[in-house]
Each structure stands twice: as C-alpha cells, then as structure tokens.
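Read the structure below first, then the notes.
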Amino acid sequence: SGSPRPRLTFIGVGPLGGTYAACYAELGYEVLGYDVDSGRIEKFSAGEMPFYERGLDDLVRKNVDNGRLRFTTDPQEVADFGDVHFLCVGTPPRKDSDSADLAYIESAVTTLAPLLTRRCLLVGKSTVPVGTAAWVQQLIDKHSSPDVEVEVAWSPEFLQEANAVDDVLRPNRIVLAAQSEWADELLQAAHKGVFELAAMEDREVPLVKTDFATAELVKVASNAFLSTKISFINAMAELCEASGGDVNALARAMGYDSRIGHRFLRAGIGFGGGCLPKDLRALAARGKELGVGESMRFLAEVEDINLNRRTKVVRLAAELCGRENGPNGPELSGLNITVLGATFKPDTDDVRDSPALDIARRMSNEGATVTVYDPMGMDNARMFRPELRYGHTLTEAVEGADLVCVLTEWEEFRHVDPEALSDLVAKPRILDGRNALDPQLWRNAGWTYRGLGRAAD
Ligand code: UGA
C-alpha cells in the first residue's frame with residue numbers, strides 16, 4: 001500500500017475511542033472509527049461532535065476533511081481496513097452488581113471476529129476487570145476463521161476528560177502488553193506517532209512493556225489510587241473541621257513533599273464522573289472474586305468517605321440556614337437554594353455520577369426548592385434530573401436564594417462579584433463545596449461564607 005504505518009480502527013467512538021481516532025489521524029495514521037450508534041457516526045462523518053471534549057472539534061474537522069479520518073457503522077469495512085483494531089467500547093457497571101458489564105466488549109469482538117480475513121491485532125483499551133484480555137483472546141479464537149491469525153494485545157488509556165486530546169497526543173506513559181514479537185512490533189508501530197511527536201518536542205514518553213494482567217491492572221490501580229488520595233484529604237478535611245485546622249493549607253504543605261505531591265489533594269465534595277466511582281467499585285468486586293477481598297476492603301472506606309461528603313454538605317446547608325438537623329436528617333423545606341455547577345468537574349458537559357447534581361437532588365428531597373446553573377452542563381443535567389429547576393444565567397439562578405452553593409469549581413464562579421450578587425439573593429450565605437473562592441472577599445462583602453475543611457467565621 002506504500003503506507004509506512006499500520007491502518008488503525010477504533011471500535012466504539014465515544015469520548016475514549018472518538019478522541020483516540022481523531023488524535024491518531026492527526027499523528028498521520030489512516031483511521032477508521034466504528035460504532036453501532038449511527039447518530040454518532042453521522043455526526044462525526046460530517047465533521048461534527050456528538051459529545052463535547054475541549055479542542056477535539058478542530059481535530060475531527062481537519063482530519064475528516066483531509067481524508068485520514070473516516071467513520072462507519074459497517075463492521076465488514078472495519079475488518080477489511082484495519083491492521084490494528086483498538087477496542088474502545090464502554091464497560092458500565094452491571095445492573096445486578098458492582099462488576100463491570102462486558103456485554104459491549106463481547107458483542108464487538110464476536111461481531112468483528114468472523115469478518116476478519118487477514119492477520120491483524122486486536123488491542124484492548126477499555127477499562128476492564130483483570131482477566132478480560134485472556135478471555136477476549138479465547139472469544140477471538142472461537143469466533144474467527146482458523147485460517148486467519150488474530151492476536152489480542154492490551155494497552156490501557158489514561159485520559160482525563162477536558163484534557164483528553166493532550167493526554168492522547170502527549171501521554172505520561174504508554175503501557176503495552178503483547179503476546180508475540182510480531183504483535184509487539186506492530187503495537188509499537190501503531191504508537192510510533194506518539195514517540196515521534198515527543199522527540200520533536202524534546203520530551204520522553206516512558207514505555208512499560210508487560211503482561212496482560214498487569215496492563216489491565218495499571219488502569220484500575222491508578223484510578224483507585226487517585227480516588228484514595230481524594231478521600232484521604234477529604235477525611236483530613238473532617239479532622240480540620242473538628243479541630244479548627246485549614247485543609248487547603250494542610251494539603252499545600254503536605255504536597256511539597258515530592259513523594260506526596262500536590263495533585264489530587266483538593267478537598268471538597270468528593271469525586272464523581274464516569275470513571276473513578278465505577279472503577280473503584282469494580283476493583284473491589286473483582287478483588288473479592290479473586291479471593292483477596294480482605295486486602296481490598298479499604299476501597300469500600302474510600303467510597304464511604306466520598307459519599308459522606310455529600311451527606312455532610314446537605315447537613316451544612318441546613319445549619320447555615322438555621323435549620324435543625326433532626327433525627328430524620330436535615331430539614332430544608334421552604335428554602336430557596338441555588339446550586340452553581342452541575343457537571344462532575346469543570347470544562348466538561350458531563351454529569352455522570354456528578355456529586356454536584358447528586359447534592360442538588362438530595363437538597364430537593366429534603367424539601368428545598370433547588371435552582372441549578374452550570375455554564376456547560378445544563379442540557380445533560382436537565383435530561384438526567386428533570387425535577388430540578390434551572391436558571392438560564394448565574395444571576396437568574398441566584399435570584400431570591402436563601403443559600404448559594406458552589407459545587408463545581410468553574411472559572412466563571414471564581415470571578416463573581418460578591419457585592420453585586422448580594423443585591424440579588426434573599427440571604428447572603430455561601431457554601432463553597434470546592435474551596436474555590438476567597439473567603440475574605442466574600443466575608444468583607446457581608447456574606448456568611450463556609451468552605452469545607454476550613455474554620456467557620
Ligand atoms: C479520571 C482519571 O483522572 C483519569 O486518569 C482516567 O483515565 C479517567 O478517570 C478514566 O478512567 O477514564 P476523569 O474522570 O476525567 O479522569 O476526571 P478527574 O479529573 O480524575 O476527576 C474526577 C473527580 O475527582 C472529579 O469529580 C473531581 O472534581 C474530583 N477531584 C479531583 C477532587 O475532588 N479532588 C481532586 O484533587 C481532584
């Protein structure tokens with residue numbers, strides 16, 4: 001074909017596969033994206049975005065235009081095109097347990113396998129329970145023609161939403177698990193563009209070659225570690241509240257020890273999103289299945305601490321509004337509460353397992369009239385929680401509020417002028433669930449300010 005590079009397919013073009021497909025086209029590969037969701041494929045094919053990811057729209061448009069990036073719903077086209085197939089489908093929790101549901105993986109593999117007509121590599125990228133790669137190889141062997149050699153390899157991804165384009169183009173490490181010399185070489189050829197870009201920018205990308213089980217574990221272990229770090233600092237926040245300490249200063253001081261580091265030590269209402277919470281539960285469940293449940297027990301604590309933050313914020317809201325926290329929990333009826341932030345973190349429109357939206361729901365359940373505003377997540381929030389009220393703008397949302405809660409640390413919220421806002425609200429009380437605001441600024445403007453893990457007035 002004259003092309004020095006393997007042709008790549010990405011099976012499943014959601015936030016993970018869609019980002020990979022566009023970025024690898026940008027790196028010079030010929031790429032075909034596949035999905036069973038024809039709506040997604042139509043949008044991408046037209047150079048449009050079926051979901052938001054910062055900076056991705058430009059890459060999609062550019063590479064669809066130059067012809068390196070194409071999309072299809074036809075699995076035969078995928079089979080005919082690809083030298084390397086990347087498996088990027090979702091692994092949501094099962095309906096009946098915390099374990100990951102491998103139905104999308106199974107259906108992608110059993111659809112593709114019988115259509116394959118030449119030697120190729122199937123590379124797992126999805127987040128899976130340890131042991132899945134070996135099972136995928138068995139599925140392939142069972143469902144593909146005995147005349148074609150199809151090898152499975154594994155290479156987990158570590159994308160952070162809102163930073164996903166950069167995370168693909170400039171990863172902080174690449175983990176590869178291949179079962180043969182041939183697969184290893186092809187896998188490296190499929191990642192060559194990343195190493196070339198790094199060399200051009202005078203960076204190194206650390207490469208870890210390992211076995212299937214380790215490659216699968218790197219992903220879930222990393223996410224569990226990040227969750228643990230967040231819950232650790234949130235537990236310290238409780239300690240600060242009980243003792244008069246300041247968790248922001250504590251985290252800052254701790255982080256200067258380079259063995260600890262500053263990142264993922266922001267205390268607040270805890271972690272959410274489509275990955276950390278589900279991966280944490282799935283890892284605990286898998287550990288139990290493998291007979292090491294005892295050693296995974298702390299993961300349940302990590303989750304408990306995380307969920308307790310939400311309960312805590314609702315109680316704090318009642319306290320700030322002078323309400324009793326009775327035996328049946330906090331009482332918020334008759335109160336107008338504004339929740340600023342609906343997404344699970346800033347710079348995304350994603351509300352999956354969003355602590356902000358969950359707290360809004362809990363407050364509404366306790367009787368408050370909750371009005372939500374988010375710079376980007378309104379459509380998704382409305383779809384997911386139609387029972388809540390929504391303001392078109394920040395000012396509209398805070399009108400008449402007895403309490404304003406900042407639950408996602410959007411840049412817009414940091415620049416709000418407390419003086420101007422106090423004219424709109426019924427009572428100048430602010431609960432800063434992400435410790436994102438300057439307490440002094442708000443207090444000077446006459447507000448009752450409460451952060452988490454920080455002393456009260
Ligand atoms: C996370 C991981 O960070 C990625 O490395 C991983 O690849 C990805 O999951 C995945 O498995 O696909 P993401 O879900 O995009 O990425 O979000 P994060 O930036 O990790 O934030 C997760 C949650 O933790 C957010 O709700 C955020 O507000 C919260 N968080 C984060 C804190 O409460 N404190 C912190 O210090 C950091």
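Chain labels follow the order of the structure tokens: the first chain is A, the next B, and so on; residue numbering restarts at 1 in every chain, and ligands are counted from 1 in their shown order.
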May I have the residues within 8 Å of Ala21 (chain A) as a JSON list (two decimals) with C-alpha atoms, in the first residue's frame, using only C-alpha atoms and disregarding those fewer than 6 positions away in the same chain?
```
[["chain", "number", "residue", "atom", "x", "y", "z"],
["A", 9, "THR", "CA", -9.57, 1.24, 13.56],
["A", 10, "PHE", "CA", -11.23, 2.39, 16.76],
["A", 13, "VAL", "CA", -16.15, 6.18, 19.20],
["A", 31, "VAL", "CA", -8.02, 5.85, 10.79],
["A", 32, "LEU", "CA", -11.47, 4.31, 10.62],
["A", 33, "GLY", "CA", -13.88, 4.82, 13.54],
["A", 69, "LEU", "CA", -10.28, 10.08, 9.43]]
```
Self-check item: Those in region 158-386 of chain A with alpha helix (DSSP H) from DSSP, as a count of residues only
Solution: 123
Quiz item: How would you write, as a ChimeraX atom specification, the set of residues no farther than 9 Å from ligand 1 when counting only C-alpha atoms and all ligand atoms?
Solution: /A:16,126-127,156-164,167,219-220,222-223,226-227,229-231,233-234,262-277,279,306,343-346,348,353-356,408-409,434
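Excluding Leu357 (chain A) itself and same-chain residues fewer than 2 positions from it, the residues having an atom within 9 Å of it are Val339, Gly341, Ala342, Thr343, Phe344, Val351, Asp353, Ser354, Pro355, Ile359, Ala360, Arg361, Arg362, Val372, Ala381, Arg385 and Leu407 of chain A, counting only C-alpha atoms.
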Quiz item: Got a sec to tell me which of region 208-380 of chain A DSSP assigns to strand (DSSP E or B), as a PyMOL selection string?
Solution: chain A and resi 208-209+325-326+329-330+336-340+369-373
Quiz item: Near Asp80 (chain A), counting only C-alpha atoms, which residues have an atom at most 12 Å away, once you skip same-chain residues fewer than 6 positions from it, shown as a VMD selection string?
Solution: chain A and resid 7 to 9 32 74 112 to 120
Exercise. Just the residues within 12 Å of Val128 (chain A), please, counting only C-alpha atoms, with nothing from its chain fewer than 6 positions along; format it as a ChimeraX atom specification.
Key: /A:87-93,99-106,134-136,154-157,212-221,275,278-280,282-283,286
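Proximity ranking of A:Ala436, A:Val314, A:Leu250, A:Cys23 relative to Gly193 (chain A) places A:Cys23 first, based on only C-alpha atoms.
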So which residues touch Gly391 (chain A) within 12 Å, counting only C-alpha atoms, skipping near sequence neighbours fewer than 2 positions away, as an mmCIF file with N, CA and C atoms, in the first residue's frame?
```cif
data_model
loop_
_atom_site.group_PDB
_atom_site.id
_atom_site.type_symbol
_atom_site.label_atom_id
_atom_site.label_comp_id
_atom_site.auth_asym_id
_atom_site.auth_seq_id
_atom_site.Cartn_x
_atom_site.Cartn_y
_atom_site.Cartn_z
ATOM 1 N N ILE A 337 -32.633 27.263 47.395
ATOM 2 C CA ILE A 337 -31.188 27.009 47.336
ATOM 3 C C ILE A 337 -30.723 27.013 45.888
ATOM 4 N N THR A 338 -29.647 27.784 45.645
ATOM 5 C CA THR A 338 -29.068 27.815 44.310
ATOM 6 C C THR A 338 -27.815 26.947 44.289
ATOM 7 N N VAL A 339 -27.755 26.048 43.334
ATOM 8 C CA VAL A 339 -26.573 25.212 43.176
ATOM 9 C C VAL A 339 -25.832 25.664 41.924
ATOM 10 N N LEU A 340 -24.610 26.151 42.114
ATOM 11 C CA LEU A 340 -23.789 26.561 40.985
ATOM 12 C C LEU A 340 -22.855 25.413 40.622
ATOM 13 N N GLY A 341 -23.071 24.861 39.443
ATOM 14 C CA GLY A 341 -22.281 23.714 38.991
ATOM 15 C C GLY A 341 -23.127 22.460 38.967
ATOM 16 N N ALA A 342 -23.141 21.781 37.835
ATOM 17 C CA ALA A 342 -23.881 20.519 37.716
ATOM 18 C C ALA A 342 -22.972 19.403 37.213
ATOM 19 N N VAL A 370 -34.661 23.846 44.641
ATOM 20 C CA VAL A 370 -33.273 23.944 44.186
ATOM 21 C C VAL A 370 -33.224 24.434 42.747
ATOM 22 N N THR A 371 -32.460 25.507 42.532
ATOM 23 C CA THR A 371 -32.254 26.032 41.178
ATOM 24 C C THR A 371 -30.793 25.840 40.802
ATOM 25 N N VAL A 372 -30.581 25.214 39.669
ATOM 26 C CA VAL A 372 -29.225 24.859 39.249
ATOM 27 C C VAL A 372 -28.782 25.745 38.091
ATOM 28 N N TYR A 373 -27.518 26.124 38.120
ATOM 29 C CA TYR A 373 -26.922 26.778 36.955
ATOM 30 C C TYR A 373 -25.551 26.165 36.677
ATOM 31 N N ASP A 374 -25.277 25.895 35.421
ATOM 32 C CA ASP A 374 -23.962 25.383 35.021
ATOM 33 C C ASP A 374 -23.614 25.963 33.661
ATOM 34 N N PRO A 375 -22.365 26.409 33.474
ATOM 35 C CA PRO A 375 -22.003 27.041 32.192
ATOM 36 C C PRO A 375 -22.142 26.098 30.999
ATOM 37 N N GLY A 377 -23.207 22.321 31.398
ATOM 38 C CA GLY A 377 -23.851 21.028 31.614
ATOM 39 C C GLY A 377 -25.368 21.054 31.700
ATOM 40 N N MET A 378 -25.983 22.201 31.307
ATOM 41 C CA MET A 378 -27.425 22.354 31.536
ATOM 42 C C MET A 378 -28.274 21.313 30.804
ATOM 43 N N ASP A 379 -27.948 21.080 29.546
ATOM 44 C CA ASP A 379 -28.776 20.140 28.771
ATOM 45 C C ASP A 379 -28.714 18.747 29.375
ATOM 46 N N ALA A 381 -27.844 17.956 32.429
ATOM 47 C CA ALA A 381 -28.414 17.966 33.776
ATOM 48 C C ALA A 381 -29.941 17.890 33.714
ATOM 49 N N ARG A 382 -30.512 18.679 32.809
ATOM 50 C CA ARG A 382 -31.970 18.696 32.649
ATOM 51 C C ARG A 382 -32.503 17.323 32.271
ATOM 52 N N LEU A 388 -35.488 19.111 38.893
ATOM 53 C CA LEU A 388 -34.895 20.319 39.465
ATOM 54 C C LEU A 388 -35.219 21.533 38.608
ATOM 55 N N ARG A 389 -35.057 22.720 39.204
ATOM 56 C CA ARG A 389 -35.252 23.946 38.428
ATOM 57 C C ARG A 389 -33.912 24.391 37.853
ATOM 58 N N THR A 393 -29.118 31.895 33.460
ATOM 59 C CA THR A 393 -27.835 32.553 33.732
ATOM 60 C C THR A 393 -27.572 32.443 35.227
ATOM 61 N N LEU A 394 -26.360 32.758 35.602
ATOM 62 C CA LEU A 394 -25.998 32.723 37.015
ATOM 63 C C LEU A 394 -26.874 33.699 37.810
ATOM 64 N N THR A 395 -27.039 34.900 37.283
ATOM 65 C CA THR A 395 -27.817 35.899 38.021
ATOM 66 C C THR A 395 -29.275 35.471 38.174
ATOM 67 N N GLU A 396 -29.816 34.883 37.112
ATOM 68 C CA GLU A 396 -31.195 34.404 37.208
ATOM 69 C C GLU A 396 -31.310 33.294 38.260
ATOM 70 N N ALA A 397 -30.289 32.445 38.313
ATOM 71 C CA ALA A 397 -30.332 31.300 39.231
ATOM 72 C C ALA A 397 -30.227 31.699 40.706
ATOM 73 N N VAL A 398 -29.523 32.791 40.995
ATOM 74 C CA VAL A 398 -29.326 33.156 42.410
ATOM 75 C C VAL A 398 -30.436 34.064 42.951
ATOM 76 N N GLU A 399 -31.279 34.550 42.066
ATOM 77 C CA GLU A 399 -32.356 35.459 42.472
ATOM 78 C C GLU A 399 -33.184 34.886 43.625
ATOM 79 N N ALA A 401 -32.274 33.667 46.494
ATOM 80 C CA ALA A 401 -31.739 32.477 47.179
ATOM 81 C C ALA A 401 -31.520 32.723 48.673
#
```
Set the distance at 10 Å and use only C-alpha atoms: which residues neighbour region 189-192 of chain A once local chain neighbours fewer than 6 positions away are removed? I'd like the list as a compact mmCIF listing (two decimals) with C-alpha atoms, in the first residue's frame.
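The result, written out as result_19.txt:
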```txt
# COMPACT_ATOMS: atom_id res chain seq x y z
CA PRO A 4 4.64 3.02 6.27
CA ARG A 5 2.15 2.96 9.09
CA PRO A 6 -0.41 0.36 10.09
CA ARG A 7 -4.03 1.29 9.42
CA LEU A 8 -5.95 1.75 12.63
CA TYR A 24 -4.15 9.31 15.74
CA LEU A 27 -0.50 11.98 14.12
CA TYR A 29 -2.34 7.44 10.66
CA ASP A 83 -4.13 -3.79 10.65
CA VAL A 84 -4.67 -2.85 14.28
CA ILE A 174 2.38 4.05 27.40
CA LEU A 176 1.88 -2.30 26.14
CA ALA A 183 2.43 -8.23 17.92
CA ALA A 198 7.60 13.54 21.82
```
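Reported to one decimal place, the separation of CA of Phe232 (chain A) from CA of Asp98 (chain A) is 22.4 Å.
Distances to Glu48 (chain A) were evaluated for A:Ile11, A:Ala22, A:Ala317, A:Val208 using only C-alpha atoms, and the minimum falls at A:Ala22.
Atom to atom, CA of Arg173 (chain A) and CA of Asp347 (chain A) stand 23.7 Å apart.
Here CA of Lys125 (chain A) stands at a distance of 16.6 Å from CA of Val150 (chain A).
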